[in-house]
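The structure appears below as structure tokens.
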Amino acid sequence: MVRAIDLHNHYYPENYLETLDASDSAYSIATDEAGRDVIVSDGSRVVTLTPPMTDLNVRLDDMADAGIDHQMLSVSIPNVDFLDGDAALELARTSNDAYARIQSDYDEFSGLACVPLRTPELAVEEARRAINDLGLKGINIGSNVNDTPLSHDRYRPFFEAVDELDVPLYIHPMPPANVDSMQEYRLAPLVGFENDLTMAITRLVFDGVLEEYDLDIHMSHLGGSVPFLFERLNNGYRAYPECRENIPEKPEQYLRDIYYDTVSFHQPALQCTIDSVGTDQLLLGSDYPHVIGDVHRAKTDIENLGLSDEDQRKIMHENATELYDL
């Protein structure tokens with residue numbers, strides 16, 4: 001059986017949810033019509049809370065059942081940037097300490113650091129501590145920082161620090177700026193998150209961040225709709241002078257160097273991404289234990305693509321092992 005490493009799944013460390021619910025922020029915990037606890041943002045539901053989000057024993061049982069050997073744990077929405085300054089730093093530190101303990105105590109888990117990116121100098125401080133002192137495997141940020149694009153100049157020192165640390169930077173969706181228009185039909189997680197990922201990576205390309213820094217970017221959710229837009233973005237580069245101001249190469253050249261996790265559950269989309277960037281750039285992901293994630297299909301969808309054994313191994317575990325130094 002091919003070894004499987006799940007790089008996109010979520011676990012809230014002890015006290016994280018209590019801190020979120022007690023905060024004076026846009027986020028809080030409510031109960032939905034089915035009696036489930038949910039995280040809401042300005043009234044829009046963004047996360048349904050499930051037992052494995054806080055219970056490692058349930059998680060280990062589910063992993064064994066699905067044939068997943070190892071998981072890279074990360075916080076989900078809203079990361080730590082619903083707080084500011086020292087409060088965000090304190091939550092990042094306690095969360096990262098918890099991930100480090102789990103990583104030390106269990107062979108089945110590694111951890112991604114969270115950082116208080118609303119205050120970039122504190123994010124740099126915590127990134128260095130989490131990687132150099134705690135030994136976490138990479139850094140987890142959202143696709144925007146309270147509606148501010150990641151490519152804003154204020155975050156350049158953070159990207160410089162990540163470049164120096166030489167660890168992967170995992171980008172997870174956040175509620176977009178217009179999330180209040182997405183309350184019906186759960187459109188925030190269904191559509192809004194993917195749109196925000198697409199905007200985030202496109203701006204990082206056109207604003208020159210990926211030209212300026214040597215970053216190992218891990219985009220979640222197949223990069224939103226990015227694999228479908230390669231040639232449209234190239235056409236923009238050819239047609240619009242402003243699209244050439246910060247980059248000497250076509251967007252495609254930068255997009256091919258990004259890693260994309262397989263959270264999609266739609267085989268034509270997976271195939272499009274493979275055709276666009278190759279199997280060397282794909283990473284197994286489940287979005288477990290979100291209610292619209294699936295730890296079982298994460299693996300079987302790859303098995304059913306008709307890939308060679310070599311390409312399956314790359315996606316299932318070899319790319320992850322190399323990228324994250326597992």
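A note on labels: chains of the structure tokens are A, B, ... as shown, every chain counts residues from 1, and ligands are counted from 1 in their shown order.
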Could you pull the residues within 9 Å of segment 163-166 of chain A, counting only C-alpha atoms, minus those fewer than 6 positions along the same chain, as a list in words?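 In the requested format, the answer is Ala127, Arg128, Ile131, Asn132, Gly138, Tyr213, Asp214, Leu215 and Asp216 of chain A.
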For C-alpha atoms, I'd like the residues from the last selection saved as an mmCIF file, in the first residue's frame.
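Heads up, here's the output in result-v7.cif:
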```
data_model
loop_
_atom_site.group_PDB
_atom_site.id
_atom_site.type_symbol
_atom_site.label_atom_id
_atom_site.label_comp_id
_atom_site.auth_asym_id
_atom_site.auth_seq_id
_atom_site.Cartn_x
_atom_site.Cartn_y
_atom_site.Cartn_z
ATOM 1 C CA ALA A 127 7.996 32.578 12.730
ATOM 2 C CA ARG A 128 11.647 32.424 13.767
ATOM 3 C CA ILE A 131 10.819 27.144 13.197
ATOM 4 C CA ASN A 132 14.190 27.546 14.912
ATOM 5 C CA GLY A 138 6.329 25.411 7.916
ATOM 6 C CA TYR A 213 11.662 36.240 -2.786
ATOM 7 C CA ASP A 214 12.492 32.558 -3.176
ATOM 8 C CA LEU A 215 9.395 31.123 -1.514
ATOM 9 C CA ASP A 216 8.113 27.556 -1.445
#
```
Can you list, as a ChimeraX atom specification, every residue of segment 31-280 of chain A that DSSP puts in helix (DSSP H, G or I)? /A:51-53,56-66,85-105,120-133,153-165,179-182,184-206,209-212,221-223,226-228,230-239,241-244,251-255,267-277,279-280
If you run DSSP on this backbone, which residues of segment 15-261 of chain A come out as strand (DSSP E or B), and could you give them as number ranges by chain? A: 27-31, 37-41, 44-48, 70-74, 109-114, 138-142, 144-145, 148-149, 169-172, 217-219, 259-261
At most 9 Å is the cut-off: for each residue in segment 272-295 of chain A with any atom that close to an atom of segment 5-26 of chain A, write down the nearest atom pair and the distance in Å rounded to one decimal, counting only C-alpha atoms, chain first then increasing number, as JSON lines.
```
{"residue": "A:Leu283", "atom": "CA", "partner": "A:Leu7", "partner_atom": "CA", "distance": 6.9}
{"residue": "A:Leu284", "atom": "CA", "partner": "A:Asp6", "partner_atom": "CA", "distance": 5.3}
{"residue": "A:Gly285", "atom": "CA", "partner": "A:His8", "partner_atom": "CA", "distance": 4.4}
{"residue": "A:Ser286", "atom": "CA", "partner": "A:His8", "partner_atom": "CA", "distance": 5.7}
{"residue": "A:Asp287", "atom": "CA", "partner": "A:Asn9", "partner_atom": "CA", "distance": 4.6}
{"residue": "A:Tyr288", "atom": "CA", "partner": "A:Asn9", "partner_atom": "CA", "distance": 4.8}
{"residue": "A:Pro289", "atom": "CA", "partner": "A:His10", "partner_atom": "CA", "distance": 6.7}
{"residue": "A:His290", "atom": "CA", "partner": "A:His10", "partner_atom": "CA", "distance": 7.9}
{"residue": "A:Gly293", "atom": "CA", "partner": "A:Asn9", "partner_atom": "CA", "distance": 8.5}
{"residue": "A:Val295", "atom": "CA", "partner": "A:Asp6", "partner_atom": "CA", "distance": 8.4}
```
Which one is closest to Pro189 of chain A: A:Ile29, A:Met53, A:Val47, A:Ile39? Count only C-alpha atoms. A:Val47
Applying 8 Å and only C-alpha atoms, which residues near Pro227 of chain A remain after dropping the ones on its own chain fewer than 5 positions away? List them as a VMD selection string. chain A and resid 222 272 to 273 276
Write to file, as a PDB file, in the first residue's frame, the residues of the selection just made, with C-alpha atoms.
```pdb
ATOM      1  CA  LEU A 222      -5.764  23.481  -5.971  1.00  0.00           C
ATOM      2  CA  CYS A 272      -6.260  20.010 -15.190  1.00  0.00           C
ATOM      3  CA  THR A 273      -3.820  20.863 -12.412  1.00  0.00           C
ATOM      4  CA  SER A 276      -0.744  22.494 -15.892  1.00  0.00           C
TER       5      SER A 276
END
```
Give me, as a PDB file with N, CA, C and O atoms, in the first residue's frame, all polymer residues having an atom no more than 8 Å from Glu231 of chain A, counting only C-alpha atoms and skipping those fewer than 3 positions away in the same chain.
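Here's the written file around-v4.pdb:
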```pdb
ATOM      1  N   ASN A 234      -1.530  34.866 -18.606  1.00  0.00           N
ATOM      2  CA  ASN A 234      -0.476  35.129 -19.588  1.00  0.00           C
ATOM      3  C   ASN A 234      -0.915  36.168 -20.609  1.00  0.00           C
ATOM      4  O   ASN A 234      -0.133  37.051 -20.990  1.00  0.00           O
ATOM      5  N   ASN A 235      -2.163  36.072 -21.044  1.00  0.00           N
ATOM      6  CA  ASN A 235      -2.683  37.050 -22.005  1.00  0.00           C
ATOM      7  C   ASN A 235      -2.714  38.449 -21.408  1.00  0.00           C
ATOM      8  O   ASN A 235      -2.443  39.437 -22.106  1.00  0.00           O
ATOM      9  N   GLU A 252       2.677  32.331 -15.835  1.00  0.00           N
ATOM     10  CA  GLU A 252       2.785  30.873 -15.862  1.00  0.00           C
ATOM     11  C   GLU A 252       4.097  30.384 -15.260  1.00  0.00           C
ATOM     12  O   GLU A 252       4.139  29.344 -14.592  1.00  0.00           O
TER      13      GLU A 252
END
```
Excluding Ile217 of chain A and its own-chain neighbours fewer than 5 positions away, which residues fall within 6 Å of it when counting only C-alpha atoms? Please give them as a VMD selection string. chain A and resid 168 to 169 258
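Atom CA of Asn195 of chain A to atom CA of Val226 of chain A spans 9.4 Å [interatomic distance, one decimal].
Nearest to Pro248 of chain A of all the residues A:Gly208, A:Gly278, A:Pro268, A:Pro176 is A:Gly208, counting only C-alpha atoms.
Using only C-alpha atoms, the shortest contact distance between Ala88 of chain A and any of A:Val191, A:Ala320, A:Val277, A:Val115 is found at A:Val115.
The shell of residues at most 7 Å from Pro173 of chain A, with only C-alpha atoms counted and near chain neighbours (fewer than 6 positions) removed, consists of Gly142, Ser143, Phe193, Glu194, Asp196 and Leu197 of chain A.
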Generate a file of the selected residues that holds all heavy atoms, formatted as an mmCIF file, in the first residue's frame.
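Resulting contents of again13.cif:
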```cif
data_model
loop_
_atom_site.group_PDB
_atom_site.id
_atom_site.type_symbol
_atom_site.label_atom_id
_atom_site.label_comp_id
_atom_site.auth_asym_id
_atom_site.auth_seq_id
_atom_site.Cartn_x
_atom_site.Cartn_y
_atom_site.Cartn_z
ATOM 1 N N GLY A 142 -3.302 33.080 6.145
ATOM 2 C CA GLY A 142 -4.538 33.174 5.393
ATOM 3 C C GLY A 142 -4.337 33.900 4.071
ATOM 4 O O GLY A 142 -3.309 34.549 3.842
ATOM 5 N N SER A 143 -5.331 33.826 3.203
ATOM 6 C CA SER A 143 -5.245 34.415 1.864
ATOM 7 C C SER A 143 -5.447 35.928 1.867
ATOM 8 O O SER A 143 -5.226 36.586 0.846
ATOM 9 C CB SER A 143 -6.276 33.759 0.933
ATOM 10 O OG SER A 143 -7.577 33.803 1.512
ATOM 11 N N PHE A 193 -14.199 31.387 -0.570
ATOM 12 C CA PHE A 193 -12.843 30.980 -0.209
ATOM 13 C C PHE A 193 -11.989 30.753 -1.446
ATOM 14 O O PHE A 193 -10.817 31.149 -1.507
ATOM 15 C CB PHE A 193 -12.868 29.696 0.620
ATOM 16 C CG PHE A 193 -13.464 29.837 1.999
ATOM 17 C CD1 PHE A 193 -13.571 28.730 2.826
ATOM 18 C CD2 PHE A 193 -13.915 31.059 2.477
ATOM 19 C CE1 PHE A 193 -14.111 28.831 4.089
ATOM 20 C CE2 PHE A 193 -14.463 31.174 3.745
ATOM 21 C CZ PHE A 193 -14.566 30.064 4.553
ATOM 22 N N GLU A 194 -12.570 30.088 -2.447
ATOM 23 C CA GLU A 194 -11.803 29.776 -3.655
ATOM 24 C C GLU A 194 -11.452 31.050 -4.420
ATOM 25 O O GLU A 194 -10.341 31.185 -4.960
ATOM 26 C CB GLU A 194 -12.599 28.823 -4.554
ATOM 27 C CG GLU A 194 -13.193 27.625 -3.842
ATOM 28 C CD GLU A 194 -12.167 26.863 -3.025
ATOM 29 O OE1 GLU A 194 -11.178 26.380 -3.604
ATOM 30 O OE2 GLU A 194 -12.341 26.761 -1.795
ATOM 31 N N ASP A 196 -10.969 33.950 -3.086
ATOM 32 C CA ASP A 196 -9.942 34.685 -2.358
ATOM 33 C C ASP A 196 -8.564 34.062 -2.564
ATOM 34 O O ASP A 196 -7.560 34.786 -2.658
ATOM 35 C CB ASP A 196 -10.283 34.740 -0.868
ATOM 36 C CG ASP A 196 -9.704 35.980 -0.204
ATOM 37 O OD1 ASP A 196 -10.052 37.094 -0.620
ATOM 38 O OD2 ASP A 196 -8.876 35.824 0.714
ATOM 39 N N LEU A 197 -8.489 32.735 -2.634
ATOM 40 C CA LEU A 197 -7.218 32.087 -2.942
ATOM 41 C C LEU A 197 -6.714 32.508 -4.320
ATOM 42 O O LEU A 197 -5.524 32.781 -4.512
ATOM 43 C CB LEU A 197 -7.375 30.566 -2.909
ATOM 44 C CG LEU A 197 -7.402 29.890 -1.546
ATOM 45 C CD1 LEU A 197 -7.735 28.415 -1.722
ATOM 46 C CD2 LEU A 197 -6.072 30.044 -0.826
#
```
Counting only C-alpha atoms, which residue out of A:Pro52, A:Pro251, A:Gly223, A:Gly306 sits closest to Leu73 of chain A?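 Nearest to Leu73 of chain A: A:Pro52.
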Hey, what's within 9 Å of His296 of chain A if we count only C-alpha atoms and toss same-chain stuff fewer than 6 positions away? As a PyMOL selection string, please? chain A and resi 62-63+65-68+286
I need the chosen residues saved as an mmCIF file, in the first residue's frame, with N, CA and C atoms.
```
data_model
loop_
_atom_site.group_PDB
_atom_site.id
_atom_site.type_symbol
_atom_site.label_atom_id
_atom_site.label_comp_id
_atom_site.auth_asym_id
_atom_site.auth_seq_id
_atom_site.Cartn_x
_atom_site.Cartn_y
_atom_site.Cartn_z
ATOM 1 N N ASP A 62 -9.865 7.761 12.523
ATOM 2 C CA ASP A 62 -10.282 8.092 11.152
ATOM 3 C C ASP A 62 -9.124 7.931 10.171
ATOM 4 N N MET A 63 -7.932 8.306 10.592
ATOM 5 C CA MET A 63 -6.762 8.155 9.729
ATOM 6 C C MET A 63 -6.501 6.685 9.428
ATOM 7 N N ASP A 65 -8.609 4.261 9.444
ATOM 8 C CA ASP A 65 -9.678 3.752 8.582
ATOM 9 C C ASP A 65 -9.490 4.177 7.128
ATOM 10 N N ALA A 66 -8.938 5.381 6.929
ATOM 11 C CA ALA A 66 -8.776 5.925 5.581
ATOM 12 C C ALA A 66 -7.435 5.577 4.954
ATOM 13 N N GLY A 67 -6.525 4.978 5.712
ATOM 14 C CA GLY A 67 -5.212 4.656 5.181
ATOM 15 C C GLY A 67 -4.296 5.858 5.087
ATOM 16 N N ILE A 68 -4.459 6.830 5.998
ATOM 17 C CA ILE A 68 -3.589 8.004 6.064
ATOM 18 C C ILE A 68 -2.550 7.769 7.155
ATOM 19 N N SER A 286 -6.892 16.680 2.390
ATOM 20 C CA SER A 286 -8.251 16.163 2.629
ATOM 21 C C SER A 286 -9.250 17.223 3.075
#
```
So which one's closest to Arg203 of chain A, A:Tyr259, A:Tyr99, A:Tyr254, A:Tyr324? Using only C-alpha atoms, please. A:Tyr254
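The closest residue to Met72 of chain A, picked from A:Leu270, A:Ala200, A:Leu326, A:Ala98 and counting only C-alpha atoms, is A:Leu326.
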